[in-house]
Structures are given as structure tokens and as C-alpha cells.
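Raw run.tsv, TSV, C-alpha atoms and all ligand atoms:
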chain	number	residue	atom	x	y	z
A	1	MET	CA	113.87	99.86	132.74
A	2	GLN	CA	115.49	103.24	132.35
A	3	GLU	CA	115.41	105.69	135.15
A	4	ALA	CA	112.77	108.40	134.87
A	5	LEU	CA	114.13	111.87	134.19
A	6	ARG	CA	112.90	114.92	136.06
A	7	PHE	CA	111.04	117.59	134.19
A	8	LEU	CA	110.35	121.23	134.68
A	9	PRO	CA	108.69	122.46	136.79
A	10	SER	CA	106.56	119.57	137.90
A	11	ASP	CA	107.84	117.18	140.52
A	12	ALA	CA	105.17	114.59	139.75
A	13	GLU	CA	106.38	111.01	139.73
A	14	PRO	CA	105.80	109.10	136.50
A	15	VAL	CA	102.51	107.28	136.84
A	16	ASP	CA	102.92	103.64	137.70
A	17	ARG	CA	100.39	101.82	135.55
A	18	ALA	CA	101.83	98.43	136.35
A	19	ASP	CA	99.15	97.60	138.92
A	20	PHE	CA	96.37	98.67	136.61
A	21	ILE	CA	97.70	96.59	133.72
A	22	GLU	CA	98.53	93.62	135.88
A	23	GLN	CA	95.12	93.47	137.50
A	24	ALA	CA	93.43	93.51	134.10
A	25	ARG	CA	95.82	90.92	132.75
A	26	LEU	CA	95.49	88.61	135.73
A	27	ALA	CA	91.72	88.86	135.50
A	28	ARG	CA	91.87	87.89	131.82
A	29	ASN	CA	94.64	85.29	131.75
A	30	GLY	CA	95.30	84.30	135.30
A	31	SER	CA	99.02	84.64	134.57
A	32	GLU	CA	101.69	87.30	134.77
A	33	ALA	CA	103.24	88.75	131.63
A	34	PRO	CA	105.46	91.79	131.04
A	35	ALA	CA	103.84	94.98	129.73
A	36	ARG	CA	103.99	95.14	125.91
A	37	GLY	CA	104.59	98.86	125.64
A	38	LEU	CA	108.05	100.28	125.02
A	39	PRO	CA	109.53	103.03	127.18
A	40	LEU	CA	111.13	105.97	125.47
A	41	THR	CA	113.56	108.68	126.44
A	42	VAL	CA	114.02	112.01	124.70
A	43	ARG	CA	117.13	114.05	125.45
A	44	GLY	CA	117.91	117.60	124.38
A	45	LEU	CA	115.64	117.45	121.34
A	46	ARG	CA	115.77	120.52	119.10
A	47	LYS	CA	114.07	121.30	115.82
A	48	SER	CA	113.92	124.47	113.73
A	49	PHE	CA	112.30	125.21	110.43
A	50	GLY	CA	114.35	128.06	108.97
A	51	HIS	CA	114.42	130.77	111.66
A	52	ASN	CA	111.51	129.22	113.49
A	53	ASP	CA	112.98	127.48	116.56
A	54	VAL	CA	110.08	125.16	117.24
A	55	LEU	CA	111.55	122.78	119.82
A	56	ARG	CA	114.30	124.24	121.98
A	57	GLY	CA	115.39	121.35	124.15
A	58	ILE	CA	112.89	118.67	125.07
A	59	ASP	CA	113.81	116.18	127.82
A	60	LEU	CA	111.31	113.47	128.53
A	61	HIS	CA	110.99	109.91	129.74
A	62	ILE	CA	107.84	107.91	129.11
A	63	PRO	CA	107.62	104.59	130.96
A	64	ALA	CA	106.35	101.52	129.11
A	65	GLY	CA	102.59	101.49	128.76
A	66	GLN	CA	101.97	105.04	129.91
A	67	PHE	CA	99.29	107.14	128.17
A	68	VAL	CA	100.69	110.64	127.60
A	69	ALA	CA	98.82	113.56	126.09
A	70	ILE	CA	100.61	116.57	124.58
A	71	VAL	CA	98.76	119.89	124.56
A	72	GLY	CA	99.70	123.50	123.86
A	73	ARG	CA	98.86	126.49	121.71
A	74	SER	CA	98.46	126.03	117.99
A	75	GLY	CA	101.87	125.94	116.35
A	76	CYS	CA	103.79	125.27	119.59
A	77	GLY	CA	105.36	122.13	118.15
A	78	LYS	CA	103.15	119.25	119.38
A	79	SER	CA	103.02	117.47	116.02
A	80	THR	CA	106.70	118.14	115.41
A	81	LEU	CA	107.56	116.41	118.69
A	82	LEU	CA	105.34	113.47	117.84
A	83	ARG	CA	106.84	113.18	114.37
A	84	LEU	CA	110.37	113.27	115.77
A	85	ILE	CA	109.51	110.51	118.24
A	86	ALA	CA	107.97	108.43	115.47
A	87	GLY	CA	110.99	108.95	113.21
A	88	LEU	CA	109.00	110.85	110.58
A	89	GLU	CA	111.17	113.94	111.02
A	90	THR	CA	114.88	114.39	111.73
A	91	ALA	CA	116.02	116.34	114.79
A	92	ASP	CA	118.62	119.12	114.59
A	93	ALA	CA	120.00	117.97	117.93
A	94	GLY	CA	119.17	115.50	120.67
A	95	THR	CA	118.14	111.89	120.76
A	96	VAL	CA	115.08	109.67	121.02
A	97	SER	CA	115.83	106.23	122.40
A	98	PHE	CA	113.71	103.24	123.28
A	99	GLY	CA	114.14	100.64	125.96
A	100	GLU	CA	114.90	97.88	123.47
A	101	GLU	CA	115.85	97.32	119.90
A	102	MET	CA	112.92	98.21	117.68
A	103	ARG	CA	111.32	95.87	115.19
A	104	ALA	CA	109.23	96.85	112.17
A	105	GLY	CA	105.76	97.92	113.23
A	106	ASP	CA	106.75	98.78	116.82
A	107	ILE	CA	105.71	102.43	116.34
A	108	ARG	CA	102.57	103.39	114.49
A	109	VAL	CA	101.06	106.82	113.96
A	110	MET	CA	97.38	107.59	113.53
A	111	PHE	CA	96.58	110.95	111.93
A	112	GLN	CA	93.55	113.22	111.80
A	113	GLU	CA	92.79	112.05	108.26
A	114	PRO	CA	92.21	108.30	107.97
A	115	ARG	CA	94.38	108.08	104.82
A	116	LEU	CA	92.62	104.96	103.52
A	117	LEU	CA	93.24	103.60	100.03
A	118	PRO	CA	89.97	104.30	98.18
A	119	TRP	CA	90.48	101.46	95.71
A	120	ALA	CA	90.98	98.81	98.40
A	121	ARG	CA	88.27	97.23	100.51
A	122	VAL	CA	88.28	97.73	104.27
A	123	LEU	CA	90.04	94.45	105.09
A	124	SER	CA	92.82	95.14	102.57
A	125	ASN	CA	93.24	98.62	104.04
A	126	VAL	CA	93.84	97.06	107.44
A	127	GLU	CA	96.33	94.55	105.99
A	128	VAL	CA	98.38	97.52	104.75
A	129	GLY	CA	99.37	98.02	108.39
A	130	LEU	CA	101.28	94.74	108.29
A	131	GLY	CA	103.77	96.16	105.78
A	132	ARG	CA	105.79	93.33	104.36
A	133	GLY	CA	103.92	90.96	106.69
A	134	ARG	CA	100.92	91.36	104.37
A	135	ALA	CA	102.15	88.37	102.45
A	136	SER	CA	102.09	86.09	105.53
A	137	PRO	CA	99.49	83.31	105.67
A	138	ASP	CA	97.85	84.71	108.79
A	139	ALA	CA	97.67	88.31	107.51
A	140	GLN	CA	93.97	88.13	106.75
A	141	ALA	CA	93.15	86.57	110.12
A	142	ARG	CA	95.13	89.29	111.90
A	143	ALA	CA	93.39	92.02	109.93
A	144	GLU	CA	89.99	90.50	110.70
A	145	LYS	CA	90.87	90.37	114.39
A	146	ALA	CA	91.95	94.04	114.37
A	147	LEU	CA	88.72	95.02	112.63
A	148	THR	CA	86.71	93.14	115.23
A	149	GLU	CA	88.62	94.93	117.99
A	150	VAL	CA	87.40	98.26	116.65
A	151	GLY	CA	83.86	96.98	116.19
A	152	LEU	CA	83.87	96.82	112.39
A	153	GLY	CA	84.09	93.09	111.74
A	154	ASP	CA	80.99	93.30	109.55
A	155	LYS	CA	82.49	96.00	107.27
A	156	ARG	CA	85.44	93.98	105.97
A	157	ASP	CA	84.19	93.85	102.38
A	158	GLN	CA	83.01	97.47	102.16
A	159	TRP	CA	84.72	100.26	100.23
A	160	PRO	CA	86.04	103.17	102.33
A	161	ALA	CA	83.78	105.62	100.46
A	162	VAL	CA	80.61	104.19	102.04
A	163	LEU	CA	81.87	104.53	105.62
A	164	SER	CA	81.14	107.43	107.98
A	165	GLY	CA	84.01	109.61	109.25
A	166	GLY	CA	84.06	107.76	112.56
A	167	GLN	CA	84.08	104.37	110.84
A	168	LYS	CA	86.97	105.45	108.62
A	169	GLN	CA	88.94	106.42	111.71
A	170	ARG	CA	88.15	103.01	113.21
A	171	VAL	CA	89.60	101.38	110.11
A	172	ALA	CA	92.68	103.59	110.47
A	173	LEU	CA	92.93	102.47	114.10
A	174	ALA	CA	92.64	98.80	113.08
A	175	ARG	CA	95.37	99.37	110.48
A	176	ALA	CA	97.56	100.84	113.24
A	177	LEU	CA	96.78	98.02	115.68
A	178	VAL	CA	97.26	95.10	113.29
A	179	SER	CA	101.05	95.10	113.65
A	180	HIS	CA	100.71	95.01	117.46
A	181	PRO	CA	102.61	98.27	117.94
A	182	ARG	CA	104.41	98.84	121.19
A	183	ILE	CA	104.10	102.63	120.82
A	184	LEU	CA	101.03	104.18	119.24
A	185	ALA	CA	101.23	107.89	118.46
A	186	PHE	CA	98.01	109.77	117.77
A	187	ASP	CA	98.20	113.13	115.98
A	188	GLU	CA	94.84	114.77	116.71
A	189	PRO	CA	93.08	111.58	115.51
A	190	LEU	CA	89.60	112.66	116.54
A	191	GLY	CA	89.82	116.31	115.50
A	192	ALA	CA	87.51	115.99	112.50
A	193	LEU	CA	84.76	114.02	114.26
A	194	ASP	CA	81.49	115.30	115.71
A	195	ALA	CA	81.22	115.49	119.49
A	196	LEU	CA	79.36	112.21	120.09
A	197	THR	CA	81.50	110.17	117.69
A	198	ARG	CA	84.51	111.72	119.32
A	199	ILE	CA	83.48	110.53	122.77
A	200	SER	CA	82.80	107.00	121.56
A	201	MET	CA	86.20	106.98	119.78
A	202	GLN	CA	87.87	108.20	122.97
A	203	ARG	CA	86.37	105.23	124.80
A	204	LEU	CA	87.58	102.92	122.06
A	205	LEU	CA	91.11	104.33	122.23
A	206	GLU	CA	91.16	103.90	125.98
A	207	ARG	CA	89.86	100.32	125.71
A	208	VAL	CA	92.40	99.17	123.10
A	209	TRP	CA	95.22	100.86	125.02
A	210	HIS	CA	94.06	99.11	128.19
A	211	ASP	CA	93.73	95.73	126.45
A	212	GLN	CA	96.98	95.89	124.51
A	213	SER	CA	99.20	97.81	126.95
A	214	PHE	CA	101.06	99.82	124.29
A	215	THR	CA	102.62	103.15	125.16
A	216	ALA	CA	100.27	105.88	123.89
A	217	ILE	CA	101.20	109.44	122.89
A	218	LEU	CA	98.27	111.65	121.99
A	219	VAL	CA	98.56	115.13	120.48
A	220	THR	CA	95.30	116.96	120.99
A	221	HIS	CA	93.81	120.47	121.02
A	222	ASP	CA	91.15	119.24	123.37
A	223	VAL	CA	92.23	119.52	126.99
A	224	SER	CA	89.13	117.65	128.20
A	225	GLU	CA	90.14	114.76	125.94
A	226	ALA	CA	93.69	114.90	127.31
A	227	VAL	CA	92.63	114.68	130.96
A	228	ALA	CA	89.96	112.05	130.24
A	229	LEU	CA	92.39	109.69	128.52
A	230	ALA	CA	95.91	110.30	129.71
A	231	ASP	CA	97.96	109.28	132.73
A	232	ARG	CA	99.96	112.42	132.23
A	233	VAL	CA	99.58	115.68	130.31
A	234	LEU	CA	102.54	117.59	128.89
A	235	VAL	CA	102.07	121.27	128.10
A	236	ILE	CA	104.47	122.62	125.47
A	237	GLU	CA	105.31	126.31	125.60
A	238	GLU	CA	108.12	128.19	123.94
A	239	GLY	CA	109.66	125.01	122.58
A	240	ARG	CA	109.90	123.27	125.92
A	241	ILE	CA	107.83	121.16	128.29
A	242	ALA	CA	106.46	123.89	130.50
A	243	HIS	CA	104.24	121.62	132.61
A	244	ASP	CA	104.26	117.89	133.22
A	245	ILE	CA	101.01	117.02	134.94
A	246	ASN	CA	100.15	113.72	136.55
A	247	VAL	CA	96.46	112.84	136.01
A	248	ASP	CA	95.93	110.97	139.23
A	249	ILE	CA	92.27	110.14	138.65
A	250	ALA	CA	91.10	106.52	138.83
A	251	ARG	CA	89.77	104.74	135.74
A	252	PRO	CA	87.18	104.32	134.43
A	253	ARG	CA	86.87	108.10	134.44
A	254	ARG	CA	83.48	109.71	134.39
A	255	ARG	CA	83.18	112.44	131.76
A	256	GLY	CA	82.05	115.67	133.38
A	257	SER	CA	83.18	114.67	136.87
A	258	ALA	CA	84.33	117.47	139.18
A	259	ASP	CA	87.94	116.29	139.41
A	260	LEU	CA	88.36	116.03	135.61
A	261	ALA	CA	86.73	119.45	135.17
A	262	ALA	CA	89.00	121.02	137.80
A	263	LEU	CA	92.14	119.67	136.16
A	264	GLU	CA	90.94	120.70	132.71
A	265	GLY	CA	90.20	124.19	134.04
A	266	SER	CA	93.65	124.63	135.53
A	267	ILE	CA	95.38	123.54	132.31
A	268	LEU	CA	93.15	125.78	130.20
A	269	ARG	CA	93.87	128.75	132.48
A	270	GLU	CA	97.57	128.14	132.03
A	271	LEU	CA	97.22	127.97	128.24
A	272	LEU	CA	95.10	131.11	128.11
A	273	GLN	CA	97.53	132.97	130.34
A	274	SER	CA	100.45	132.18	128.07
A	275	ALA	CA	98.31	133.08	125.02
A	276	ASP	CA	97.56	136.47	126.60
A	277	ASP	CA	101.19	137.17	127.41
A	278	PRO	CA	102.27	139.79	124.84
A	279	SER	CA	105.93	138.95	125.39
A	280	GLU	CA	105.28	135.61	123.72
A	281	GLN	CA	103.68	136.92	120.58
B	301	LIG	N1	107.73	120.96	107.39
B	301	LIG	C1	107.66	122.19	107.92
B	301	LIG	N2	108.24	123.23	107.30
B	301	LIG	C2	108.21	124.47	107.83
B	301	LIG	N3	107.61	124.78	108.99
B	301	LIG	C3	107.01	123.77	109.64
B	301	LIG	C4	106.99	122.43	109.15
B	301	LIG	N4	106.32	121.65	110.05
B	301	LIG	C5	105.93	122.47	111.03
B	301	LIG	N5	106.34	123.74	110.80
B	301	LIG	C6	106.12	124.90	111.67
B	301	LIG	O1	106.52	124.51	112.98
B	301	LIG	C7	105.64	125.05	113.96
B	301	LIG	C8	105.09	123.93	114.80
B	301	LIG	O2	104.25	123.13	113.99
B	301	LIG	P1	103.46	121.89	114.61
B	301	LIG	O3	102.61	121.35	113.52
B	301	LIG	O4	104.41	121.00	115.28
B	301	LIG	O5	102.58	122.62	115.71
B	301	LIG	P2	101.34	122.10	116.52
B	301	LIG	O6	101.53	122.51	117.93
B	301	LIG	O7	101.11	120.65	116.26
B	301	LIG	O8	100.21	122.97	115.84
B	301	LIG	P3	98.63	122.75	115.69
B	301	LIG	O9	98.10	122.60	117.08
B	301	LIG	O10	98.15	123.99	115.04
B	301	LIG	O11	98.44	121.52	114.85
B	301	LIG	C9	104.60	125.84	113.20
B	301	LIG	O12	104.98	127.19	113.19
B	301	LIG	C10	104.66	125.27	111.80
B	301	LIG	O13	104.29	126.22	110.85
Give the structure from the file, written as C-alpha cells.
Ligand SMILES: Nc1ncnc2c1ncn2[C@@H]1O[C@H](COP(=O)(O)OP(=O)(O)OP(=O)(O)O)[C@@H](O)[C@H]1O
Amino acid sequence: MQEALRFLPSDAEPVDRADFIEQARLARNGSEAPARGLPLTVRGLRKSFGHNDVLRGIDLHIPAGQFVAIVGRSGCGKSTLLRLIAGLETADAGTVSFGEEMRAGDIRVMFQEPRLLPWARVLSNVEVGLGRGRASPDAQARAEKALTEVGLGDKRDQWPAVLSGGQKQRVALARALVSHPRILAFDEPLGALDALTRISMQRLLERVWHDQSFTAILVTHDVSEAVALADRVLVIEEGRIAHDINVDIARPRRRGSADLAALEGSILRELLQSADDPSEQ
């Protein structure tokens, strides 16, 4: 495992999820197995669009299996960072490296829009996530299993058009999970959902992350979502990681609890302060 880098200005240690994962795994299997998530290290990452210097030097290490949330003002570069990590965008400088050689399907991204194929039934939409593996004999069984994991086993033969927004996002999640990714990147995946659906999707995300032990990176506008789900919250300001906050609150976390609210409040105050700072406009 690579050594964790230090970040500004936080001195928080990377969260050790090993105990949490191991306890769950031992309870399920009675045997020890290595975490499935991949670690990743970002060094000196820079990205500009024309004269807009969006990311001005990002240094970051995410241990295998950690759940990291990225927050910050609109336009601060959260999605750009996520896209660079996922290889959907090319950096101007810097590197993103992973603990091991990557195989196809190791990184998946889930977006705000479900991006389902309207002419394909739900099960076929999930099989799309297998890429070339769609042709394998067990593709259908894997897709059915992924659909069951998101609670939509009974919708396999439906068309996307008849599903609710939340159900469509569940299908998108199943499509992301079917390749057994070792890093799952979420770009504001729940942003278009109503409040109740959003909370039930947050629980689902947390459960699948817990069960499958992938490394999770969540871009969100919603600080309460970030502190409810993540082991660690990164605040991006002025193209850099301005705060790297350890969410040292035991799981399962109770929505609305005083400790979550206090942490959310302190992050929001920080964001509002930087938004009010005229020197940054
Ligand atoms: N392909 C692109 N071409 C030009 N500018 C871009 C491109 N992608 C992003 N940008 C610009 O880079 C900046 C950062 O965008 P990004 O989407 O990463 O921000 P964000 O923090 O995710 O924003 P939001 O919270 O509003 O979704 C913005 O000013 C955006 O307009």
C-alpha cells in the first residue's frame, strides 16, 4: 500500500476502514479477504480551460475502500477532478496513479442523469456495464444479481420510460456495479431526486459500498449528504484542496444527529465565508 500523503491544512490521518470492512466480512464469510477497493494517488494535478485555471495543483491519496466526498462552490472544479481521476479528461500536468494495474471495468462513473438506453429493457441496460463482457455466458446472471442488489430484480423486463427517476438511478447504479468496479465515482448522482428518494438512495449507496468495499468518490453540492456518507470530506477552493476533513462518526450514522449537524455546519460556514470573500470573485 502506498504511503498516505499529507494535505493542507488538515493534519487528519486517513481513515482506517479496515476494521469496519473486516468485521462485516468476517460476519458474512467467516474468513479473511483483502479489501477490493483500489487506492489512488494524485500528484500535482492541474487543469485549465482556456484562461480558466480550474485545478491549480491537487495532491491527494485515497486509501483502498475509503469513501471520499468532494464539495465546494459551484464551478470550483469538483467534476473536473472526478473526470480526471476517472480518465474522462486529460490533465495539463500531474499524475493519477492506482495501487495496481487496472483492468477494464475497475473504474465506473455514475452521473446525475441515468443515461439509460431507451430502446433497451432494464436488464439489457445493466448488461451494458459489462462492456465487452456482455457476450459472456454469465452476463445475464451478473446483470440480474446487480439489479437485485439495488432492489429492482422485478423490473428486469421493463422499459426505462416507465420507471421513476429514483428507479432509473438504481438501474444506473446496477449498470455501474455489474463490472465489480474497484473505484466508483459519483458525479452528483442524486442531484435530480426528491428529498425522500434521495435519502433512500443515499442508504443504498452506503450499503453497496459497505458490501462491496470499492473505493468511493462522491461529488456533491449537498454537505449533509457528504458528511452522512463519507469517511472524509475534501473542500476544493481556488483550484486546491483547502480542507481535508476526517468524518470520525461511527456507522450507521443517524441523519439529523448532533455530531453530523455540527460538522455540516462548520463546513457550510467555511464555504459561505469563501463565497463572501470579495477577493475571490
Ligand atoms: N469542457 C469544458 N470546457 C470549458 N470549460 C469547462 C469545461 N468543463 C468545465 N469547465 C469549466 O471549469 C470550471 C469547473 O467546472 P466543474 O464542472 O468541474 O465545476 P463543479 O465544481 O463541478 O461545478 P458545479 O458544482 O456547478 O457542478 C467551470 O468554470 C466550468 O465552466
Neighbouring residues of ligand LIG 301 (chain B) are defined here as those with any atom at most 7 Å from a ligand atom, counting only C-alpha atoms and all ligand atoms; list them as an NGL selection string. :A and (49 or 52 or 54 or 72-81 or 221)
Record the distance separating atom CA of His180 of chain A and atom CA of Gly105 of chain A, expressed in Å with one decimal.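 Separation between atom CA of His180 of chain A and atom CA of Gly105 of chain A: 7.2 Å.
Closest approach to Gly239 of chain A among A:Val68, A:Ser48, A:Leu55, A:Leu40 is made by A:Leu55 (distances from all atoms listed in the file).
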One decimal, Å: what's the distance from atom CA of Ile183 of chain A over to atom CA of Leu152 of chain A, could you say?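 Atom CA of Ile183 of chain A sits 22.7 Å away from atom CA of Leu152 of chain A.
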Compare A:Glu270, A:Asp106, A:Glu149, A:Asp53 by their minimum atom-to-atom distance to His243 of chain A, counting all atoms listed in the file, and give me the closest one. A:Glu270
Every residue with an atom at most 10 Å from (99.4, 124.8, 131.2) (file coordinates; only C-alpha atoms) is what I'm after, so could you write them as a VMD selection string? chain A and resid 71 to 73 223 233 to 237 241 to 245 264 to 274
Using all atoms listed in the file, can you tell me which of A:Leu147, A:Ala86, A:Ala120, A:Leu204 comes closest to Leu177 of chain A?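 When distances to Leu177 of chain A are compared using all atoms listed in the file, the smallest one comes from A:Leu147.
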Rounded to one decimal, what separation in Å do you get between atom CA of Lys145 of chain A and atom CA of Phe67 of chain A?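 Separation between atom CA of Lys145 of chain A and atom CA of Phe67 of chain A: 23.3 Å.
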Could you give me the centre and size, in Å to one decimal, of an axis-aligned box around all listed atoms of segment 84-93 of chain A with 4 Å added on every side, as JSON?
{"center_x": 114.0, "center_y": 113.8, "center_z": 114.4, "size_x": 20.0, "size_y": 18.7, "size_z": 15.7}
Please list as an MDAnalysis selection string every residue within 10 Å of Arg103 of chain A, counting only C-alpha atoms and excluding residues in the same chain fewer than 3 positions away. chainID A and resid 100 106:107 181:182
Emit the selected residues as a compact mmCIF listing (two decimals), keeping the file's coordinate frame, including C-alpha atoms.
# COMPACT_ATOMS: atom_id res chain seq x y z
CA GLU A 100 114.90 97.88 123.47
CA ASP A 106 106.75 98.78 116.82
CA ILE A 107 105.71 102.43 116.34
CA PRO A 181 102.61 98.27 117.94
CA ARG A 182 104.41 98.84 121.19
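For the residues A:Asp187, A:Asp259, A:Glu101, A:Asp138, ranking by smallest atom-to-atom distance to Arg83 of chain A using only C-alpha atoms places A:Asp187 first.
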May I ask which of the residues A:Asp222, A:Thr95, A:Val171, A:Glu127 is the closest one to Leu190 of chain A, counting all atoms listed in the file?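 Residue with the minimum atom-to-atom distance to Leu190 of chain A: A:Asp222.
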With segment 165-169 of chain A as the partner and 10 Å as the cut-off, tabulate the residues of segment 176-205 of chain A that qualify, each row holding the nearest pair of atoms and their distance in Å to one decimal, using all atoms listed in the file, sorted by chain and rising number, as CSV.
residue,atom,partner,partner_atom,distance
A:Pro189,CA,A:Gln169,CA,7.6
A:Leu190,CA,A:Gln169,CA,7.9
A:Ala192,CA,A:Gly165,CA,8.0
A:Leu193,CA,A:Gly166,CA,6.5
A:Asp194,CA,A:Gly166,CA,8.6
A:Leu196,CA,A:Gly166,CA,9.9
A:Thr197,CA,A:Gly166,CA,6.2
A:Arg198,CA,A:Gly166,CA,7.8
A:Ser200,CA,A:Gly166,CA,9.1
A:Met201,CA,A:Gly166,CA,7.6
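Minimum distance to Asp231 of chain A across A:Ala262, A:Ala104, A:Ala141, A:Ile70 (counting only C-alpha atoms) occurs at A:Ile70.
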How would segment 176-189 of chain A read, as an mmCIF file, in the coordinates of the input, once N, CA and C atoms are built in?
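Full text of result12.cif as output:
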data_model
loop_
_atom_site.group_PDB
_atom_site.id
_atom_site.type_symbol
_atom_site.label_atom_id
_atom_site.label_comp_id
_atom_site.auth_asym_id
_atom_site.auth_seq_id
_atom_site.Cartn_x
_atom_site.Cartn_y
_atom_site.Cartn_z
ATOM 1 N N ALA A 176 96.446 100.554 112.329
ATOM 2 C CA ALA A 176 97.560 100.840 113.240
ATOM 3 C C ALA A 176 97.771 99.696 114.229
ATOM 4 N N LEU A 177 96.680 99.058 114.642
ATOM 5 C CA LEU A 177 96.780 98.020 115.680
ATOM 6 C C LEU A 177 97.263 96.683 115.133
ATOM 7 N N VAL A 178 97.081 96.451 113.824
ATOM 8 C CA VAL A 178 97.260 95.100 113.290
ATOM 9 C C VAL A 178 98.700 94.605 113.433
ATOM 10 N N SER A 179 99.662 95.543 113.494
ATOM 11 C CA SER A 179 101.050 95.100 113.650
ATOM 12 C C SER A 179 101.436 94.954 115.125
ATOM 13 N N HIS A 180 100.458 95.067 116.012
ATOM 14 C CA HIS A 180 100.710 95.010 117.460
ATOM 15 C C HIS A 180 101.804 95.997 117.867
ATOM 16 N N PRO A 181 101.581 97.287 117.609
ATOM 17 C CA PRO A 181 102.610 98.270 117.940
ATOM 18 C C PRO A 181 102.864 98.330 119.436
ATOM 19 N N ARG A 182 104.077 98.700 119.773
ATOM 20 C CA ARG A 182 104.410 98.840 121.190
ATOM 21 C C ARG A 182 104.373 100.314 121.598
ATOM 22 N N ILE A 183 104.363 101.196 120.586
ATOM 23 C CA ILE A 183 104.100 102.630 120.820
ATOM 24 C C ILE A 183 103.092 103.062 119.763
ATOM 25 N N LEU A 184 102.011 103.668 120.197
ATOM 26 C CA LEU A 184 101.030 104.180 119.240
ATOM 27 C C LEU A 184 100.929 105.690 119.446
ATOM 28 N N ALA A 185 101.243 106.435 118.386
ATOM 29 C CA ALA A 185 101.230 107.890 118.460
ATOM 30 C C ALA A 185 100.006 108.400 117.718
ATOM 31 N N PHE A 186 99.252 109.257 118.347
ATOM 32 C CA PHE A 186 98.010 109.770 117.770
ATOM 33 C C PHE A 186 98.172 111.265 117.537
ATOM 34 N N ASP A 187 98.083 111.698 116.275
ATOM 35 C CA ASP A 187 98.200 113.130 115.980
ATOM 36 C C ASP A 187 96.800 113.685 115.721
ATOM 37 N N GLU A 188 96.189 114.179 116.791
ATOM 38 C CA GLU A 188 94.840 114.770 116.710
ATOM 39 C C GLU A 188 93.882 113.842 115.939
ATOM 40 N N PRO A 189 93.787 112.557 116.342
ATOM 41 C CA PRO A 189 93.080 111.580 115.510
ATOM 42 C C PRO A 189 91.569 111.798 115.469
#
